[in-house]
$ cat run-v6.csv   # CSV, C-alpha atoms
chain,number,residue,atom,x,y,z
A,3,MET,CA,-4.1,-6.3,-8.8
A,4,LYS,CA,-5.2,-8.4,-9.9
A,5,LYS,CA,-7.0,-9.1,-14.6
A,6,THR,CA,-10.3,-8.5,-16.7
A,7,ILE,CA,-10.9,-7.0,-20.3
A,8,VAL,CA,-13.7,-5.3,-22.0
A,9,ALA,CA,-13.2,-4.9,-25.7
A,10,LEU,CA,-15.5,-3.1,-28.1
A,11,ALA,CA,-15.7,-3.7,-31.7
A,12,VAL,CA,-18.0,-2.6,-34.5
A,13,MET,CA,-19.0,-5.8,-36.1
A,14,GLY,CA,-21.1,-4.3,-38.8
A,15,LEU,CA,-24.4,-2.7,-39.7
A,16,GLY,CA,-27.6,-4.5,-40.4
A,17,ILE,CA,-31.3,-4.2,-40.5
A,18,THR,CA,-33.3,-6.7,-38.5
A,19,GLY,CA,-36.9,-6.9,-39.7
A,20,ALA,CA,-38.5,-3.6,-39.6
A,21,HIS,CA,-36.1,-2.2,-37.1
A,22,ALA,CA,-33.8,0.7,-37.8
A,23,GLN,CA,-30.2,0.2,-38.6
A,24,GLU,CA,-28.4,-1.3,-35.6
A,25,MET,CA,-24.7,-1.1,-34.9
A,26,VAL,CA,-23.3,-4.1,-33.0
A,27,VAL,CA,-20.4,-3.2,-30.7
A,28,LYS,CA,-18.7,-6.2,-29.1
A,29,ILE,CA,-17.4,-5.8,-25.6
A,30,GLY,CA,-15.0,-8.5,-24.5
A,31,SER,CA,-14.3,-9.3,-20.9
A,32,VAL,CA,-10.9,-10.9,-20.3
A,33,ALA,CA,-10.0,-12.2,-16.9
A,34,PRO,CA,-8.9,-15.5,-15.2
A,35,LEU,CA,-12.1,-17.4,-15.5
A,36,THR,CA,-10.4,-20.7,-14.6
A,37,GLY,CA,-7.8,-21.4,-11.9
A,38,THR,CA,-7.4,-20.3,-8.3
A,39,ILE,CA,-8.6,-16.7,-8.7
A,40,SER,CA,-11.4,-17.4,-11.1
A,41,HIS,CA,-13.8,-16.0,-8.5
A,42,LEU,CA,-12.2,-12.6,-9.0
A,43,GLY,CA,-12.2,-12.9,-12.8
A,44,LYS,CA,-15.9,-13.7,-12.9
A,45,ASP,CA,-16.5,-10.8,-10.6
A,46,ASN,CA,-14.8,-8.5,-13.0
A,47,GLU,CA,-16.7,-9.9,-16.0
A,48,ASN,CA,-20.0,-9.6,-14.2
A,49,GLY,CA,-19.3,-5.9,-13.4
A,50,ALA,CA,-18.6,-5.3,-17.1
A,51,ARG,CA,-21.7,-7.3,-18.1
A,52,LEU,CA,-24.0,-5.3,-15.9
A,53,ALA,CA,-22.7,-2.1,-17.4
A,54,VAL,CA,-23.3,-3.4,-20.9
A,55,GLU,CA,-26.8,-4.7,-20.2
A,56,GLU,CA,-27.8,-1.4,-18.5
A,57,ALA,CA,-26.4,0.6,-21.5
A,58,ASN,CA,-28.4,-1.6,-23.9
A,59,ALA,CA,-31.6,-1.0,-21.9
A,60,LYS,CA,-31.2,2.8,-22.5
A,61,GLY,CA,-31.3,2.4,-26.3
A,62,ILE,CA,-28.1,4.3,-26.9
A,63,MET,CA,-27.7,6.1,-30.3
A,64,ILE,CA,-24.2,6.7,-31.8
A,65,GLY,CA,-23.6,8.2,-35.2
A,66,GLY,CA,-27.4,8.2,-35.8
A,67,LYS,CA,-27.6,4.4,-35.3
A,68,LYS,CA,-28.9,2.4,-32.4
A,69,VAL,CA,-26.1,0.5,-30.7
A,70,LYS,CA,-26.3,-3.0,-29.3
A,71,PHE,CA,-23.4,-3.8,-27.0
A,72,GLU,CA,-22.4,-7.5,-26.7
A,73,LEU,CA,-20.1,-8.9,-24.0
A,74,ILE,CA,-17.7,-11.7,-24.9
A,75,GLY,CA,-15.9,-13.3,-22.1
A,76,GLU,CA,-12.3,-14.5,-22.5
A,77,ASP,CA,-10.1,-16.4,-20.1
A,78,ASP,CA,-6.5,-15.2,-19.8
A,79,GLN,CA,-5.8,-17.7,-17.0
A,80,ALA,CA,-3.8,-15.0,-15.0
A,81,ASP,CA,-0.9,-15.9,-17.3
A,82,PRO,CA,1.0,-13.1,-19.1
A,83,ARG,CA,1.6,-15.2,-22.3
A,84,THR,CA,-2.1,-16.2,-22.5
A,85,GLY,CA,-3.0,-12.6,-21.8
A,86,THR,CA,-1.0,-11.3,-24.8
A,87,THR,CA,-2.5,-14.0,-27.0
A,88,VAL,CA,-6.0,-12.9,-26.1
A,89,ALA,CA,-5.1,-9.2,-26.5
A,90,GLN,CA,-3.8,-9.9,-30.0
A,91,ARG,CA,-6.9,-11.9,-30.8
A,92,LEU,CA,-9.1,-8.9,-29.8
A,93,VAL,CA,-7.1,-6.4,-31.8
A,94,ASP,CA,-7.2,-8.7,-34.8
A,95,ALA,CA,-11.0,-8.9,-34.4
A,96,GLY,CA,-11.2,-5.1,-34.7
A,97,VAL,CA,-12.0,-4.2,-31.1
A,98,LYS,CA,-12.5,-0.5,-30.3
A,99,GLY,CA,-11.8,-0.5,-26.6
A,100,VAL,CA,-10.8,-2.8,-23.7
A,101,VAL,CA,-11.5,-3.1,-20.0
A,102,GLY,CA,-8.8,-5.2,-18.4
A,103,HIS,CA,-6.8,-7.1,-17.6
A,104,LEU,CA,-7.3,-8.1,-13.9
A,105,ASN,CA,-3.7,-8.8,-12.9
A,106,SER,CA,-0.8,-6.4,-13.4
A,107,GLY,CA,1.3,-9.3,-14.7
A,108,THR,CA,-1.1,-9.7,-17.7
A,109,THR,CA,-2.2,-6.1,-18.1
A,110,ILE,CA,1.3,-4.6,-18.6
A,111,PRO,CA,2.4,-6.8,-21.5
A,112,ALA,CA,-1.1,-6.7,-23.0
A,113,SER,CA,-1.1,-2.9,-22.9
A,114,ARG,CA,1.7,-2.8,-25.5
A,115,ILE,CA,-0.4,-4.8,-28.0
A,116,TYR,CA,-3.4,-2.6,-27.5
A,117,ASP,CA,-1.3,0.5,-27.9
A,118,GLN,CA,0.2,-0.9,-31.2
A,119,GLY,CA,-3.3,-1.5,-32.4
A,120,GLY,CA,-4.5,2.0,-31.4
A,121,ILE,CA,-7.1,0.5,-28.9
A,122,PRO,CA,-7.8,2.3,-25.6
A,123,MET,CA,-7.9,0.2,-22.5
A,124,ILE,CA,-8.9,0.7,-18.9
A,125,SER,CA,-7.9,-1.7,-16.2
A,126,PRO,CA,-10.3,-2.0,-13.2
A,127,SER,CA,-7.8,-3.8,-11.0
A,128,ALA,CA,-4.1,-3.7,-12.1
A,129,THR,CA,-2.3,-1.6,-9.5
A,130,ASN,CA,1.4,-1.8,-10.5
A,131,PRO,CA,2.5,1.7,-11.2
A,132,LYS,CA,4.5,0.6,-14.3
A,133,LEU,CA,1.3,0.2,-16.2
A,134,THR,CA,0.7,4.0,-16.6
A,135,GLN,CA,4.4,4.9,-16.7
A,136,GLN,CA,5.0,3.4,-20.2
A,137,GLY,CA,3.8,6.5,-22.0
A,138,TYR,CA,0.9,4.8,-23.8
A,139,LYS,CA,-1.7,7.4,-24.6
A,140,GLY,CA,-4.7,5.0,-24.4
A,141,VAL,CA,-4.0,3.3,-21.1
A,142,PHE,CA,-6.1,4.0,-18.0
A,143,ARG,CA,-7.1,2.5,-14.7
A,144,THR,CA,-10.1,3.1,-12.4
A,145,ILE,CA,-8.3,2.1,-9.2
A,146,ALA,CA,-5.4,3.6,-7.2
A,147,ASN,CA,-1.9,2.3,-7.8
A,148,ASP,CA,0.6,0.5,-5.6
A,149,VAL,CA,2.7,3.5,-4.8
A,150,GLN,CA,-0.3,4.9,-2.9
A,151,GLN,CA,-1.3,1.5,-1.5
A,152,GLY,CA,2.2,0.4,-0.4
A,153,SER,CA,2.8,3.8,1.2
A,154,ALA,CA,-0.4,3.4,3.2
A,155,LEU,CA,0.4,-0.2,4.2
A,156,GLY,CA,3.9,0.6,5.4
A,157,LYS,CA,2.8,3.6,7.5
A,158,PHE,CA,0.0,1.5,8.9
A,159,MET,CA,2.3,-1.3,10.0
A,160,VAL,CA,4.8,0.9,11.8
A,161,GLY,CA,2.1,3.3,13.1
A,162,PRO,CA,-1.1,1.8,14.4
A,163,LEU,CA,0.3,-1.7,14.5
A,164,GLY,CA,3.5,-0.6,16.1
A,165,ALA,CA,5.7,-3.0,14.1
A,166,LYS,CA,9.5,-2.9,14.8
A,167,LYS,CA,10.3,-6.1,12.9
A,168,VAL,CA,8.6,-6.9,9.6
A,169,ALA,CA,8.8,-10.0,7.4
A,170,ILE,CA,7.8,-9.7,3.8
A,171,ILE,CA,6.7,-12.4,1.4
A,172,ASP,CA,5.6,-11.9,-2.3
A,173,ASP,CA,4.4,-14.2,-5.1
A,174,ARG,CA,6.9,-12.8,-7.6
A,175,THR,CA,4.2,-11.5,-9.9
A,176,ALA,CA,4.2,-7.9,-11.2
A,177,TYR,CA,1.4,-7.2,-8.7
A,178,GLY,CA,2.6,-9.1,-5.6
A,179,GLN,CA,6.3,-8.1,-5.9
A,180,GLY,CA,5.5,-4.6,-6.9
A,181,LEU,CA,3.3,-4.0,-3.9
A,182,ALA,CA,5.7,-5.7,-1.5
A,183,ASP,CA,8.5,-3.4,-2.8
A,184,GLU,CA,6.5,-0.3,-2.2
A,185,THR,CA,5.4,-1.5,1.3
A,186,GLU,CA,8.9,-2.3,2.2
A,187,LYS,CA,10.1,1.2,1.3
A,188,ALA,CA,7.4,2.8,3.4
A,189,ALA,CA,8.0,0.4,6.4
A,190,LYS,CA,11.8,1.2,6.3
A,191,ALA,CA,11.1,4.9,6.0
A,192,GLY,CA,9.0,4.6,9.2
A,193,GLY,CA,11.8,3.0,11.1
A,194,ALA,CA,10.9,-0.7,10.9
A,195,GLN,CA,13.5,-3.4,10.4
A,196,ILE,CA,12.9,-5.9,7.6
A,197,VAL,CA,14.0,-9.1,9.2
A,198,ALA,CA,13.1,-11.4,6.2
A,199,ARG,CA,12.2,-11.1,2.6
A,200,GLU,CA,10.9,-14.3,1.1
A,201,PHE,CA,9.1,-15.3,-2.1
A,202,THR,CA,6.8,-18.0,-3.4
A,203,THR,CA,4.7,-18.3,-6.6
A,204,ASP,CA,1.1,-17.6,-7.5
A,205,LYS,CA,0.5,-21.3,-7.9
A,206,ALA,CA,2.0,-22.5,-4.6
A,207,THR,CA,0.0,-24.1,-1.7
A,208,ASP,CA,2.7,-25.2,0.7
A,209,PHE,CA,4.5,-22.4,2.4
A,210,ASN,CA,5.9,-24.2,5.5
A,211,ALA,CA,9.6,-23.9,4.5
A,212,ILE,CA,9.6,-20.1,4.1
A,213,LEU,CA,7.3,-19.6,7.1
A,214,THR,CA,9.6,-21.7,9.3
A,215,LYS,CA,12.5,-19.4,8.3
A,216,ILE,CA,10.3,-16.4,9.1
A,217,ARG,CA,9.3,-17.8,12.5
A,218,ALA,CA,12.9,-17.8,13.6
A,219,THR,CA,13.1,-14.0,13.0
A,220,ASN,CA,10.2,-13.4,15.4
A,221,PRO,CA,8.5,-10.6,13.4
A,222,ASP,CA,5.8,-8.3,14.7
A,223,VAL,CA,4.1,-8.2,11.3
A,224,ILE,CA,4.2,-10.5,8.3
A,225,PHE,CA,3.2,-8.8,5.0
A,226,PHE,CA,2.1,-10.8,2.0
A,227,GLY,CA,2.1,-9.4,-1.5
A,228,GLY,CA,-0.2,-11.7,-3.6
A,229,MET,CA,-3.7,-13.0,-4.0
A,230,ASP,CA,-6.2,-14.6,-1.7
A,231,ALA,CA,-5.6,-18.1,-3.2
A,232,GLN,CA,-2.2,-18.1,-1.6
A,233,GLY,CA,-2.9,-15.7,1.3
A,234,GLY,CA,-5.6,-17.9,2.9
A,235,PRO,CA,-3.6,-21.2,3.0
A,236,MET,CA,-0.5,-19.2,4.1
A,237,LEU,CA,-2.4,-17.8,7.1
A,238,ARG,CA,-3.6,-21.3,8.1
A,239,GLN,CA,-0.1,-22.6,8.0
A,240,LEU,CA,1.2,-19.7,10.0
A,241,LYS,CA,-1.2,-20.5,12.8
A,242,GLN,CA,-0.3,-24.2,12.6
A,243,LEU,CA,3.4,-23.2,13.1
A,244,GLY,CA,2.4,-21.2,16.1
A,245,VAL,CA,3.4,-17.8,14.6
A,246,ASN,CA,1.4,-15.1,16.3
A,247,ALA,CA,2.6,-12.1,14.2
A,248,LYS,CA,-0.1,-9.8,12.7
A,249,PHE,CA,-0.8,-10.7,9.1
A,250,VAL,CA,-1.2,-7.9,6.6
A,251,THR,CA,-2.0,-8.1,2.9
A,252,GLY,CA,-3.1,-5.9,0.0
A,253,ASP,CA,-6.2,-5.7,-2.2
A,254,GLY,CA,-5.5,-9.2,-3.7
A,255,GLY,CA,-6.4,-10.7,-0.3
A,256,CYS,CA,-9.1,-8.3,0.7
A,257,SER,CA,-11.9,-10.5,-0.4
A,258,PRO,CA,-14.6,-12.9,1.0
A,259,GLU,CA,-12.7,-15.8,-0.5
A,260,MET,CA,-9.7,-14.9,1.6
A,261,ILE,CA,-11.9,-15.4,4.7
A,262,LYS,CA,-13.2,-18.7,3.5
A,263,LEU,CA,-9.7,-20.0,2.6
A,264,ALA,CA,-8.1,-18.9,5.9
A,265,GLY,CA,-10.9,-20.3,8.1
A,266,GLU,CA,-10.5,-19.8,11.8
A,267,ALA,CA,-6.8,-18.8,11.3
A,268,ILE,CA,-7.9,-15.4,10.2
A,269,SER,CA,-9.4,-14.4,13.5
A,270,GLY,CA,-7.7,-11.9,15.7
A,271,SER,CA,-4.8,-10.4,13.7
A,272,ALA,CA,-5.5,-10.1,10.0
A,273,TYR,CA,-5.6,-6.8,8.0
A,274,CYS,CA,-5.8,-5.9,4.4
A,275,SER,CA,-6.0,-2.8,2.2
A,276,MET,CA,-8.1,-1.9,-0.8
A,277,ALA,CA,-7.2,0.6,-3.5
A,278,GLY,CA,-10.6,2.2,-3.2
A,279,LEU,CA,-13.5,3.0,-0.9
A,280,PRO,CA,-15.5,0.3,1.0
A,281,LEU,CA,-18.5,-0.7,-1.1
A,282,GLU,CA,-20.9,0.9,1.3
A,283,LYS,CA,-19.1,4.2,1.1
A,284,MET,CA,-18.9,4.4,-2.7
A,285,PRO,CA,-21.3,7.0,-4.0
A,286,GLY,CA,-23.2,4.3,-5.9
A,287,GLY,CA,-22.1,1.3,-3.9
A,288,ALA,CA,-25.3,0.2,-2.1
A,289,ASP,CA,-27.4,0.4,-5.2
A,290,PHE,CA,-24.7,-1.4,-7.3
A,291,ARG,CA,-24.6,-4.2,-4.7
A,292,ASP,CA,-28.3,-4.7,-4.9
A,293,ARG,CA,-28.4,-4.7,-8.7
A,294,PHE,CA,-25.4,-7.0,-8.9
A,295,LYS,CA,-27.0,-9.4,-6.4
A,296,LYS,CA,-30.3,-9.4,-8.3
A,297,ARG,CA,-28.7,-10.0,-11.7
A,298,PHE,CA,-26.0,-12.6,-10.8
A,299,ASN,CA,-27.2,-14.0,-7.4
A,300,ALA,CA,-23.7,-13.3,-6.2
A,301,ASP,CA,-21.9,-11.0,-3.8
A,302,VAL,CA,-19.4,-8.4,-5.0
A,303,GLN,CA,-15.8,-9.8,-4.5
A,304,ILE,CA,-13.5,-6.8,-5.0
A,305,TYR,CA,-13.2,-5.2,-8.4
A,306,SER,CA,-16.6,-5.5,-10.1
A,307,PRO,CA,-17.6,-1.9,-9.3
A,308,TYR,CA,-14.4,-0.7,-11.0
A,309,ALA,CA,-15.0,-2.9,-14.0
A,310,TYR,CA,-18.5,-1.5,-14.2
A,311,ASP,CA,-17.1,2.1,-14.1
A,312,ALA,CA,-14.5,1.2,-16.7
A,313,ALA,CA,-17.0,-0.1,-19.2
A,314,SER,CA,-19.3,2.8,-18.5
A,315,ALA,CA,-16.5,5.3,-19.1
A,316,ILE,CA,-15.8,3.9,-22.5
A,317,ILE,CA,-19.4,3.9,-23.5
A,318,ALA,CA,-19.9,7.4,-22.2
A,319,ALA,CA,-16.8,8.6,-24.2
A,320,MET,CA,-18.2,7.1,-27.4
A,321,GLN,CA,-21.5,8.9,-26.8
A,322,LYS,CA,-19.8,12.2,-26.3
A,323,ALA,CA,-17.7,11.8,-29.4
A,324,ASP,CA,-20.7,10.3,-31.3
A,325,SER,CA,-18.3,7.7,-32.6
A,326,VAL,CA,-17.0,4.3,-31.6
A,327,GLU,CA,-13.7,4.9,-33.4
A,328,PRO,CA,-10.8,5.1,-30.9
A,329,ALA,CA,-9.1,8.1,-32.6
A,330,LYS,CA,-12.4,10.0,-32.2
A,331,TYR,CA,-13.5,9.0,-28.8
A,332,LEU,CA,-10.1,8.8,-27.0
A,333,PRO,CA,-10.0,12.6,-26.4
A,334,ALA,CA,-13.4,12.4,-24.7
A,335,LEU,CA,-12.1,9.4,-22.6
A,336,LYS,CA,-9.0,11.4,-21.5
A,337,ALA,CA,-11.3,14.3,-20.5
A,338,SER,CA,-13.8,12.1,-18.6
A,339,SER,CA,-15.3,13.4,-15.5
A,340,GLU,CA,-18.3,11.0,-15.0
A,341,PRO,CA,-20.1,10.1,-11.8
A,342,GLY,CA,-19.5,6.4,-11.3
A,343,VAL,CA,-20.3,3.7,-8.7
A,344,THR,CA,-16.8,4.1,-7.2
A,345,GLY,CA,-16.7,7.9,-7.4
A,346,THR,CA,-15.9,10.4,-10.1
A,347,VAL,CA,-14.2,8.7,-13.0
A,348,ALA,CA,-11.5,11.2,-14.1
A,349,PHE,CA,-8.0,10.5,-15.2
A,350,ASP,CA,-4.7,12.3,-14.8
A,351,ALA,CA,-2.2,12.9,-17.6
A,352,LYS,CA,-0.7,9.4,-17.2
A,353,GLY,CA,-4.1,7.7,-17.1
A,354,ASP,CA,-4.3,7.0,-13.4
A,355,ILE,CA,-7.6,7.6,-11.7
A,356,LYS,CA,-7.6,11.0,-10.0
A,357,ASP,CA,-7.8,11.1,-6.2
A,358,GLY,CA,-7.6,7.3,-5.8
A,359,ALA,CA,-8.6,6.3,-2.3
A,360,ILE,CA,-6.9,3.7,-0.1
A,361,THR,CA,-8.9,1.9,2.7
A,362,LEU,CA,-7.5,-0.3,5.4
A,363,TYR,CA,-9.6,-3.2,6.8
A,364,GLN,CA,-9.4,-5.5,9.8
A,365,PHE,CA,-11.0,-8.9,10.0
A,366,LYS,CA,-13.7,-8.6,12.7
A,367,ASP,CA,-17.0,-10.4,13.4
A,368,GLY,CA,-16.7,-12.7,10.4
A,369,THR,CA,-16.0,-10.1,7.8
A,370,TRP,CA,-13.6,-7.3,6.6
A,371,VAL,CA,-14.4,-4.1,8.5
A,372,ALA,CA,-13.1,-0.7,7.3
A,373,MET,CA,-10.9,1.0,9.8
$ encode --input "run-v6.csv" --output "structure tokens"
Amino acid sequence: MKKTIVALAVMGLGITGAHAQEMVVKIGSVAPLTGTISHLGKDNENGARLAVEEANAKGIMIGGKKVKFELIGEDDQADPRTGTTVAQRLVDAGVKGVVGHLNSGTTIPASRIYDQGGIPMISPSATNPKLTQQGYKGVFRTIANDVQQGSALGKFMVGPLGAKKVAIIDDRTAYGQGLADETEKAAKAGGAQIVAREFTTDKATDFNAILTKIRATNPDVIFFGGMDAQGGPMLRQLKQLGVNAKFVTGDGGCSPEMIKLAGEAISGSAYCSMAGLPLEKMPGGADFRDRFKKRFNADVQIYSPYAYDAASAIIAAMQKADSVEPAKYLPALKASSEPGVTGTVAFDAKGDIKDGAITLYQFKDGTWVAM
């Protein structure tokens, strides 16, 4: 879903005092650090930062030289045009690898620039299937895609939720619309009637016009493809209009911020999905949560564990290849099978994470609870 980068560049060799030669490898983190989903962007950046700091603490040697990784945060504002500008800036700076972006809408166009520059990239959060269908040899993701997620959501709505009539709204981004399309396919295949298909934007705050139209169709379930910044206010407005349909959204709304923004309106009938395991069920989840909290005095939002694993996978591939040069470490990255926070980090031929999990959640007792 959703947009952060980690870019690695050899900036030069130098001797500091009596220390041995040190190779500085810059890692950039690009995500929306301003705007309505900046909380998710910062979460991604912090996940990458933690991986870099822990790697530095190990005193990693590559090519016979000690490596110092440096994280540089960039703001792509969740905007495709800004995202490509940042991507080109990193390529021009000689980056050797990228973790990001957060949103599918920025990751997909940026991936072309990285491919042209010969720079591998791993997204920790972009779920649109088109990302890995472009044929770029250096594009990966550490999270399941929306074909898997949409299928699970559609089956869930017509199965456990018993939906006969479904209304669908999306934010017209590559992520939101893509997930909504896949969810619609699965809901239709399960026998549900799509009684409304409306759209908004990822900047909107007033949804009364489209929600009033949807209310007239009397849906059993309303699905929203988009982020928590819109999902929370949308849920509030649904309750104000007296709409009692169950509300379902994807990973972009499966966050603590969604709960905060929706307020009391979220109680009773809200569900979301995550393209991954619950934090407490991830192999390294509990320990990661504690380290993350200690370092940043913040709770994990959604994608920081995947950003951590993405940065760690790039660093591990460089170690295996004993080189930070993309042409030399890319084969090791393709062949990765590393234990990570989220599970085993291994990629299929397209660059998708192998055996990507999907988890469904219900809002209960003040939080999202895995079902």
$ atom_distance --input "run-v6.csv" --atom1 "CA of Leu35 in chain A" --atom2 "CA of Gly227 in chain A"
21.5 Å
$ atom_distance --input "run-v6.csv" --atom1 "CA of Val32 in chain A" --atom2 "CA of Lys283 in chain A"
27.4 Å
$ closest_residue --input "run-v6.csv" --among "A:Leu213, A:Ala309, A:Ala267, A:Met123" --to "Lys98 in chain A" --atoms "only C-alpha atoms"
A:Met123
$ residues_around --input "run-v6.csv" --residues "range 67-71 of chain A" --least-positions-apart "5" --cutoff "9 Å" --atoms "all atoms listed in the file" --output "list in words"
Leu10, Leu15, Ala22, Gln23, Glu24, Met25, Val26, Val27, Lys28, Ile29, Val54, Glu55, Ala57, Asn58, Gly61 and Ile62 of chain A
$ residues_around --input "run-v6.csv" --residues "Lys132 in chain A" --least-positions-apart "6" --cutoff "10 Å" --atoms "all atoms listed in the file" --output "PyMOL selection string"
chain A and resi 106+110+147-148+176+180
$ residues_around --input "run-v6.csv" --residues "Phe298 in chain A" --least-positions-apart "2" --cutoff "12 Å" --atoms "all atoms listed in the file" --output "list in words"
Lys44, Asp45, Glu47, Asn48, Gly49, Arg51, Leu52, Phe290, Arg291, Asp292, Arg293, Phe294, Lys295, Lys296, Ala300, Asp301, Val302 and Ser306 of chain A
$ residues_around --input "run-v6.csv" --residues "Thr38 in chain A" --least-positions-apart "2" --cutoff "10 Å" --atoms "only C-alpha atoms" --output "list in words"
Pro34, Leu35, Thr36, Ser40, His41, Leu42, Gly43, Gln79, Ala80, Asp204, Lys205, Met229, Asp230, Ala231 and Gln232 of chain A
$ closest_residue --input "run-v6.csv" --among "A:Leu181, A:Leu243, A:Met63, A:Ala194" --to "Gly164 in chain A" --atoms "all atoms listed in the file"
A:Ala194
$ closest_residue --input "run-v6.csv" --among "A:Asp173, A:Asp94, A:Asp289, A:Glu186" --to "Thr207 in chain A" --atoms "only C-alpha atoms"
A:Asp173
$ residues_near_point --input "run-v6.csv" --point "(-17.0, -12.3, -21.7)" --cutoff "7 Å" --atoms "all atoms listed in the file" --output "PDB file with C-alpha atoms, keeping the file's coordinate frame"
ATOM      1  CA  GLY A  30     -15.000  -8.500 -24.500  1.00  0.00           C
ATOM      2  CA  SER A  31     -14.300  -9.300 -20.900  1.00  0.00           C
ATOM      3  CA  VAL A  32     -10.900 -10.900 -20.300  1.00  0.00           C
ATOM      4  CA  GLU A  47     -16.700  -9.900 -16.000  1.00  0.00           C
ATOM      5  CA  LEU A  73     -20.100  -8.900 -24.000  1.00  0.00           C
ATOM      6  CA  ILE A  74     -17.700 -11.700 -24.900  1.00  0.00           C
ATOM      7  CA  GLY A  75     -15.900 -13.300 -22.100  1.00  0.00           C
ATOM      8  CA  GLU A  76     -12.300 -14.500 -22.500  1.00  0.00           C
TER       9      GLU A  76
END
$ residues_around --input "run-v6.csv" --residues "range 322-326 of chain A" --least-positions-apart "4" --cutoff "8 Å" --atoms "only C-alpha atoms" --output "number ranges by chain"
A: 12, 64-65, 98, 318, 330-331, 334
$ write_last_selection --input "run-v6.csv" --atoms "C-alpha atoms" --output "PDB file, in the frame of the given file"
ATOM      1  CA  VAL A  12     -18.000  -2.600 -34.500  1.00  0.00           C
ATOM      2  CA  ILE A  64     -24.200   6.700 -31.800  1.00  0.00           C
ATOM      3  CA  GLY A  65     -23.600   8.200 -35.200  1.00  0.00           C
ATOM      4  CA  LYS A  98     -12.500  -0.500 -30.300  1.00  0.00           C
ATOM      5  CA  ALA A 318     -19.900   7.400 -22.200  1.00  0.00           C
ATOM      6  CA  LYS A 330     -12.400  10.000 -32.200  1.00  0.00           C
ATOM      7  CA  TYR A 331     -13.500   9.000 -28.800  1.00  0.00           C
ATOM      8  CA  ALA A 334     -13.400  12.400 -24.700  1.00  0.00           C
TER       9      ALA A 334
END
